[in-house]
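Chemist: What follows is target.pdb, made up of PDB, C-alpha atoms:
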```
ATOM      1  CA  MET A  11     100.815 117.285  77.688  1.00  0.00           C
ATOM      2  CA  LEU A  12      99.822 113.801  78.846  1.00  0.00           C
ATOM      3  CA  LEU A  13     103.128 113.132  80.591  1.00  0.00           C
ATOM      4  CA  GLY A  14     103.675 113.822  84.268  1.00  0.00           C
ATOM      5  CA  ASN A  15     101.355 114.012  87.230  1.00  0.00           C
ATOM      6  CA  GLU A  16      98.633 115.972  85.443  1.00  0.00           C
ATOM      7  CA  GLY A  17      98.487 113.674  82.397  1.00  0.00           C
ATOM      8  CA  PHE A  18      95.423 111.702  83.450  1.00  0.00           C
ATOM      9  CA  ARG A  19      93.575 114.860  84.466  1.00  0.00           C
ATOM     10  CA  ASN A  20      94.366 116.452  81.081  1.00  0.00           C
ATOM     11  CA  TRP A  21      93.239 113.315  79.261  1.00  0.00           C
ATOM     12  CA  GLN A  22      89.918 113.333  81.151  1.00  0.00           C
ATOM     13  CA  ASP A  23      89.437 117.034  80.345  1.00  0.00           C
ATOM     14  CA  TRP A  24      90.063 116.446  76.620  1.00  0.00           C
ATOM     15  CA  ARG A  25      87.654 113.508  76.564  1.00  0.00           C
ATOM     16  CA  HIS A  26      84.992 115.581  78.277  1.00  0.00           C
ATOM     17  CA  LEU A  27      85.519 118.520  75.904  1.00  0.00           C
ATOM     18  CA  CYS A  28      85.209 116.244  72.854  1.00  0.00           C
ATOM     19  CA  GLU A  29      82.013 114.768  74.256  1.00  0.00           C
ATOM     20  CA  LEU A  30      80.520 118.229  74.795  1.00  0.00           C
ATOM     21  CA  ILE A  31      81.386 119.245  71.222  1.00  0.00           C
ATOM     22  CA  GLN A  32      79.829 116.041  69.881  1.00  0.00           C
ATOM     23  CA  ASN A  33      76.668 116.787  71.870  1.00  0.00           C
ATOM     24  CA  ARG A  34      76.507 120.269  70.283  1.00  0.00           C
ATOM     25  CA  GLN A  35      76.986 118.750  66.828  1.00  0.00           C
ATOM     26  CA  ALA A  36      74.172 116.285  67.520  1.00  0.00           C
ATOM     27  CA  GLU A  37      71.973 119.291  68.346  1.00  0.00           C
ATOM     28  CA  GLY A  38      72.727 120.716  64.896  1.00  0.00           C
ATOM     29  CA  VAL A  39      75.626 123.082  65.679  1.00  0.00           C
ATOM     30  CA  ILE A  40      78.010 121.897  62.967  1.00  0.00           C
ATOM     31  CA  GLU A  41      79.897 125.005  61.816  1.00  0.00           C
ATOM     32  CA  VAL A  42      83.292 125.475  63.447  1.00  0.00           C
ATOM     33  CA  SER A  43      82.679 129.207  64.006  1.00  0.00           C
ATOM     34  CA  ARG A  44      79.457 128.496  65.948  1.00  0.00           C
ATOM     35  CA  ILE A  45      81.210 125.845  68.046  1.00  0.00           C
ATOM     36  CA  LYS A  46      84.028 128.301  68.817  1.00  0.00           C
ATOM     37  CA  ASN A  47      81.496 130.968  69.821  1.00  0.00           C
ATOM     38  CA  TRP A  48      79.665 128.470  72.021  1.00  0.00           C
ATOM     39  CA  MET A  49      82.952 127.452  73.688  1.00  0.00           C
ATOM     40  CA  ARG A  50      83.877 131.091  74.312  1.00  0.00           C
ATOM     41  CA  GLU A  51      80.460 131.794  75.864  1.00  0.00           C
ATOM     42  CA  GLU A  52      80.697 128.696  78.055  1.00  0.00           C
ATOM     43  CA  ALA A  53      84.157 129.675  79.274  1.00  0.00           C
ATOM     44  CA  GLU A  54      82.839 133.087  80.361  1.00  0.00           C
ATOM     45  CA  THR A  55      79.674 131.741  82.026  1.00  0.00           C
ATOM     46  CA  PRO A  56      79.949 130.622  85.673  1.00  0.00           C
ATOM     47  CA  GLU A  57      79.659 126.855  86.058  1.00  0.00           C
ATOM     48  CA  ILE A  58      76.415 125.501  87.483  1.00  0.00           C
ATOM     49  CA  GLU A  59      77.148 122.802  90.040  1.00  0.00           C
ATOM     50  CA  GLY A  60      75.665 119.424  89.145  1.00  0.00           C
ATOM     51  CA  SER A  61      75.309 120.363  85.491  1.00  0.00           C
ATOM     52  CA  SER A  62      75.981 117.671  82.879  1.00  0.00           C
ATOM     53  CA  GLU A  63      78.694 119.962  81.554  1.00  0.00           C
ATOM     54  CA  SER A  64      80.484 120.241  84.906  1.00  0.00           C
ATOM     55  CA  GLN A  65      84.088 119.172  85.149  1.00  0.00           C
ATOM     56  CA  ARG A  66      84.364 115.459  85.707  1.00  0.00           C
ATOM     57  CA  LEU A  67      86.094 113.665  88.524  1.00  0.00           C
ATOM     58  CA  GLU A  68      89.790 113.054  88.038  1.00  0.00           C
ATOM     59  CA  THR A  69      89.210 109.347  87.758  1.00  0.00           C
ATOM     60  CA  GLU A  70      86.366 107.134  86.778  1.00  0.00           C
ATOM     61  CA  SER A  71      87.774 104.166  88.683  1.00  0.00           C
ATOM     62  CA  PRO A  72      85.648 102.655  91.455  1.00  0.00           C
ATOM     63  CA  ALA A  73      85.580 104.522  94.756  1.00  0.00           C
ATOM     64  CA  VAL A  74      85.751 101.256  96.695  1.00  0.00           C
ATOM     65  CA  LYS A  75      88.370  98.554  96.149  1.00  0.00           C
ATOM     66  CA  VAL A  76      88.088  95.071  97.617  1.00  0.00           C
ATOM     67  CA  LEU A  77      91.501  93.454  98.066  1.00  0.00           C
ATOM     68  CA  THR A  78      92.982  90.536  99.900  1.00  0.00           C
ATOM     69  CA  MET A  79      95.640  91.201 102.515  1.00  0.00           C
ATOM     70  CA  HIS A  80      98.248  89.741 100.172  1.00  0.00           C
ATOM     71  CA  SER A  81      97.337  91.991  97.241  1.00  0.00           C
ATOM     72  CA  ALA A  82      97.245  95.096  99.460  1.00  0.00           C
ATOM     73  CA  LYS A  83     100.894  94.726 100.432  1.00  0.00           C
ATOM     74  CA  GLY A  84     102.816  97.905  99.610  1.00  0.00           C
ATOM     75  CA  LEU A  85      99.646  99.949  98.994  1.00  0.00           C
ATOM     76  CA  GLU A  86      98.097 102.653 101.138  1.00  0.00           C
ATOM     77  CA  PHE A  87      94.513 103.911 101.302  1.00  0.00           C
ATOM     78  CA  PRO A  88      92.945 106.763 103.272  1.00  0.00           C
ATOM     79  CA  LEU A  89      90.256 104.503 104.757  1.00  0.00           C
ATOM     80  CA  VAL A  90      90.433 100.741 105.265  1.00  0.00           C
ATOM     81  CA  PHE A  91      87.638  98.425 106.372  1.00  0.00           C
ATOM     82  CA  LEU A  92      89.098  95.092 107.462  1.00  0.00           C
ATOM     83  CA  LEU A  93      86.528  92.318 107.557  1.00  0.00           C
ATOM     84  CA  GLY A  94      86.822  88.625 108.331  1.00  0.00           C
ATOM     85  CA  GLY A  95      89.652  86.239 108.909  1.00  0.00           C
ATOM     86  CA  PHE A  96      89.418  86.394 112.688  1.00  0.00           C
ATOM     87  CA  GLY A  97      88.378  82.808 113.376  1.00  0.00           C
ATOM     88  CA  GLY A  98      91.383  80.820 112.296  1.00  0.00           C
ATOM     89  CA  LEU A  99      94.505  80.622 110.226  1.00  0.00           C
ATOM     90  CA  THR A 100      94.927  82.565 107.030  1.00  0.00           C
ATOM     91  CA  LYS A 101      95.005  80.694 103.715  1.00  0.00           C
ATOM     92  CA  ARG A 102      98.778  81.027 103.671  1.00  0.00           C
ATOM     93  CA  GLY A 103      98.868  78.923 106.844  1.00  0.00           C
ATOM     94  CA  ARG A 104      96.935  75.996 105.331  1.00  0.00           C
ATOM     95  CA  SER A 105      99.764  74.451 103.326  1.00  0.00           C
ATOM     96  CA  LYS A 106      99.857  70.690 102.797  1.00  0.00           C
ATOM     97  CA  ASP A 107     103.434  70.492 104.032  1.00  0.00           C
ATOM     98  CA  TYR A 108     105.331  71.684 107.090  1.00  0.00           C
ATOM     99  CA  ARG A 109     107.409  74.828 106.636  1.00  0.00           C
ATOM    100  CA  PHE A 110     109.728  76.282 109.218  1.00  0.00           C
ATOM    101  CA  ASP A 111     112.896  78.274 109.671  1.00  0.00           C
ATOM    102  CA  GLU A 112     116.074  76.448 110.618  1.00  0.00           C
ATOM    103  CA  ASP A 113     119.198  78.547 111.107  1.00  0.00           C
ATOM    104  CA  GLY A 114     117.884  81.257 108.759  1.00  0.00           C
ATOM    105  CA  LYS A 115     116.886  78.845 105.986  1.00  0.00           C
ATOM    106  CA  LEU A 116     113.381  77.802 104.975  1.00  0.00           C
ATOM    107  CA  VAL A 117     112.830  74.066 105.425  1.00  0.00           C
ATOM    108  CA  VAL A 118     109.917  72.342 103.675  1.00  0.00           C
ATOM    109  CA  ASP A 119     108.939  68.973 105.137  1.00  0.00           C
ATOM    110  CA  ARG A 120     106.582  67.354 102.621  1.00  0.00           C
ATOM    111  CA  VAL A 121     106.264  64.227 104.774  1.00  0.00           C
ATOM    112  CA  CYS A 122     104.987  66.291 107.729  1.00  0.00           C
ATOM    113  CA  ARG A 123     107.024  64.588 110.431  1.00  0.00           C
ATOM    114  CA  GLU A 124     105.552  64.997 113.906  1.00  0.00           C
ATOM    115  CA  SER A 125     108.930  66.201 115.177  1.00  0.00           C
ATOM    116  CA  ASN A 126     108.611  69.274 112.903  1.00  0.00           C
ATOM    117  CA  ARG A 127     105.015  70.122 113.828  1.00  0.00           C
ATOM    118  CA  GLU A 128     105.810  72.643 116.598  1.00  0.00           C
ATOM    119  CA  ALA A 129     108.389  74.448 114.455  1.00  0.00           C
ATOM    120  CA  HIS A 130     105.856  74.547 111.598  1.00  0.00           C
ATOM    121  CA  LEU A 131     103.107  76.000 113.816  1.00  0.00           C
ATOM    122  CA  ALA A 132     105.478  78.653 115.175  1.00  0.00           C
ATOM    123  CA  TYR A 133     106.621  79.581 111.655  1.00  0.00           C
ATOM    124  CA  GLN A 134     103.012  79.639 110.451  1.00  0.00           C
ATOM    125  CA  TRP A 135     102.015  81.981 113.288  1.00  0.00           C
ATOM    126  CA  GLU A 136     104.899  84.345 112.498  1.00  0.00           C
ATOM    127  CA  GLU A 137     103.822  84.436 108.837  1.00  0.00           C
ATOM    128  CA  ASP A 138     100.222  85.151 109.851  1.00  0.00           C
ATOM    129  CA  LYS A 139     101.371  87.983 112.150  1.00  0.00           C
ATOM    130  CA  ARG A 140     103.304  89.532 109.255  1.00  0.00           C
ATOM    131  CA  LEU A 141     100.185  89.308 107.087  1.00  0.00           C
ATOM    132  CA  TRP A 142      98.046  90.930 109.807  1.00  0.00           C
ATOM    133  CA  TYR A 143     100.643  93.692 110.118  1.00  0.00           C
ATOM    134  CA  VAL A 144     100.255  94.363 106.387  1.00  0.00           C
ATOM    135  CA  ALA A 145      96.467  94.538 106.789  1.00  0.00           C
ATOM    136  CA  PHE A 146      96.612  96.825 109.833  1.00  0.00           C
ATOM    137  CA  THR A 147      99.051  99.285 108.266  1.00  0.00           C
ATOM    138  CA  ARG A 148      97.273  99.917 104.924  1.00  0.00           C
ATOM    139  CA  ALA A 149      95.164 102.761 106.338  1.00  0.00           C
ATOM    140  CA  ALA A 150      96.623 106.263 106.121  1.00  0.00           C
ATOM    141  CA  VAL A 151      93.798 107.933 108.082  1.00  0.00           C
ATOM    142  CA  LYS A 152      91.433 105.383 109.629  1.00  0.00           C
ATOM    143  CA  LEU A 153      91.104 101.615 110.027  1.00  0.00           C
ATOM    144  CA  TRP A 154      87.806  99.913 110.836  1.00  0.00           C
ATOM    145  CA  MET A 155      88.081  96.398 112.176  1.00  0.00           C
ATOM    146  CA  PRO A 156      84.739  95.093 113.455  1.00  0.00           C
ATOM    147  CA  LEU A 157      85.162  92.044 115.655  1.00  0.00           C
ATOM    148  CA  PRO A 158      82.491  89.348 115.458  1.00  0.00           C
ATOM    149  CA  GLY A 159      80.236  89.049 118.480  1.00  0.00           C
ATOM    150  CA  ASP A 160      80.033  85.283 118.558  1.00  0.00           C
ATOM    151  CA  GLY A 161      82.602  82.557 118.092  1.00  0.00           C
ATOM    152  CA  PRO A 162      86.345  82.504 118.611  1.00  0.00           C
ATOM    153  CA  VAL A 163      88.537  85.429 117.648  1.00  0.00           C
ATOM    154  CA  THR A 164      91.725  83.472 118.157  1.00  0.00           C
ATOM    155  CA  GLN A 165      94.209  85.349 115.983  1.00  0.00           C
ATOM    156  CA  VAL A 166      93.258  88.888 116.951  1.00  0.00           C
ATOM    157  CA  GLU A 167      93.139  87.999 120.650  1.00  0.00           C
ATOM    158  CA  SER A 168      96.605  86.493 120.343  1.00  0.00           C
ATOM    159  CA  LEU A 169      97.923  89.570 118.563  1.00  0.00           C
ATOM    160  CA  ILE A 170      96.542  91.880 121.239  1.00  0.00           C
ATOM    161  CA  ASP A 171      97.756  89.728 124.159  1.00  0.00           C
ATOM    162  CA  GLU A 172     101.379  89.549 123.001  1.00  0.00           C
TER     163      GLU A 172
END
```
Represent the supplied structure as structure tokens.
Modeler:
Amino acid sequence: MLLGNEGFRNWQDWRHLCELIQNRQAEGVIEVSRIKNWMREEAETPEIEGSSESQRLETESPAVKVLTMHSAKGLEFPLVFLLGGFGGLTKRGRSKDYRFDEDGKLVVDRVCRESNREAHLAYQWEEDKRLWYVAFTRAAVKLWMPLPGDGPVTQVESLIDE
């Protein structure tokens, strides 16, 4: 009964039913026959919207989730509000060493040689673009991305220009 797609819904229904029965018992309706009669009457009575006995939502999890771009990878949401991160490099790009691709292999230069700086910046930008792609593609229906009115919007401008 709790297996499959409807399992969580069934579990919520059972919890709600038990709570309603406990409320009746707290009101003094203790006999099983009276509880059965009450349940039968309730099943035949049309539901009043907004009543405390109305069917609950399928989930009691929060309606809004706040996630980082990294943790949202692989997930999809109907509505996404993307805020911040437009003024500079992402946290992933602030490593203490130089990282870059050389012939399909990741090279990590912990000394940060100046000769590897350009390759590191190019690799860093490609990683940031992949992260932005993840952020932009999480929305199934609508994406809101307010751009700040003042200050540089370096990454987004670069993404749009290319």
Chemist: For CA of Arg127 in chain A and CA of Asp107 in chain A, quote the distance in Å rounded to one decimal.
Modeler: 9.9 Å
Chemist: So what do you get for CA of Thr78 in chain A versus CA of Asp111 in chain A, distance-wise?
Modeler: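 Straight-line distance from CA of Thr78 in chain A to CA of Asp111 in chain A works out to 25.3 Å.
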Chemist: CA of Val76 in chain A and CA of Phe146 in chain A, how far apart in Å?
Modeler: 15.0 Å
Chemist: Fewer than 4 positions away in the same chain doesn't count, so skip those; otherwise give me all residues within 12 Å of Tyr133 in chain A, counting all atoms listed in the file, as a list in words.
Modeler: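 Listing them by chain and then by number gives Arg102, Gly103, Ser105, Tyr108, Arg109, Phe110, Asp111, Glu112, Gly114, Lys115, Leu116, Val117, Val118, Asn126, Arg127, Glu128, Ala129, Glu137, Asp138, Lys139 and Arg140 of chain A.
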Chemist: Any chance you could work out the axis-aligned box around range 144-148 of chain A, listed atoms only, 4 Å on each side, giving centre and edge lengths in Å to one decimal, as JSON?
Modeler:
```
{"center_x": 98.4, "center_y": 97.1, "center_z": 107.4, "size_x": 11.8, "size_y": 13.6, "size_z": 12.9}
```
Chemist: Would you be able to write out as a count of residues only which residues have an atom within 12 Å of (82.6, 118.3, 73.6) in the file's coordinates, counting all atoms listed in the file?
Modeler: 26
Chemist: For Lys106 in chain A, please output as a PyMOL selection string all residues within 10 Å (counting only C-alpha atoms; exclusion window: fewer than 4 positions along the same chain).
Modeler: chain A and resi 119-122
Chemist: Evaluate the PyMOL selection byres ((chain A and resi 80) around 9) on the structure here and hand back the selected residues as a PDB file with C-alpha atoms, in the coordinates of the input.
Modeler:
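Done, and the output landed in selection_26.pdb:
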```pdb
ATOM      1  CA  LEU A  77      91.501  93.454  98.066  1.00  0.00           C
ATOM      2  CA  THR A  78      92.982  90.536  99.900  1.00  0.00           C
ATOM      3  CA  MET A  79      95.640  91.201 102.515  1.00  0.00           C
ATOM      4  CA  SER A  81      97.337  91.991  97.241  1.00  0.00           C
ATOM      5  CA  ALA A  82      97.245  95.096  99.460  1.00  0.00           C
ATOM      6  CA  LYS A  83     100.894  94.726 100.432  1.00  0.00           C
ATOM      7  CA  LEU A 141     100.185  89.308 107.087  1.00  0.00           C
ATOM      8  CA  VAL A 144     100.255  94.363 106.387  1.00  0.00           C
ATOM      9  CA  ALA A 145      96.467  94.538 106.789  1.00  0.00           C
TER      10      ALA A 145
END
```
Chemist: With all atoms listed in the file as the atoms that count, which of A:His130, A:Arg50, A:Lys75, A:Arg19 lies nearest to Leu92 in chain A?
Modeler: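 Nearest to Leu92 in chain A: A:Lys75.
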Chemist: Kindly resolve the PyMOL selection byres ((chain A and resi 147) around 10) on the present coordinates and return the residues as a list in words.
Modeler: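 With the shown file as input, the PyMOL selection byres ((chain A and resi 147) around 10) matches Ala82, Lys83, Gly84, Leu85, Glu86, Phe87, Val90, Trp142, Tyr143, Val144, Ala145, Phe146, Arg148, Ala149, Ala150, Lys152 and Leu153 of chain A.
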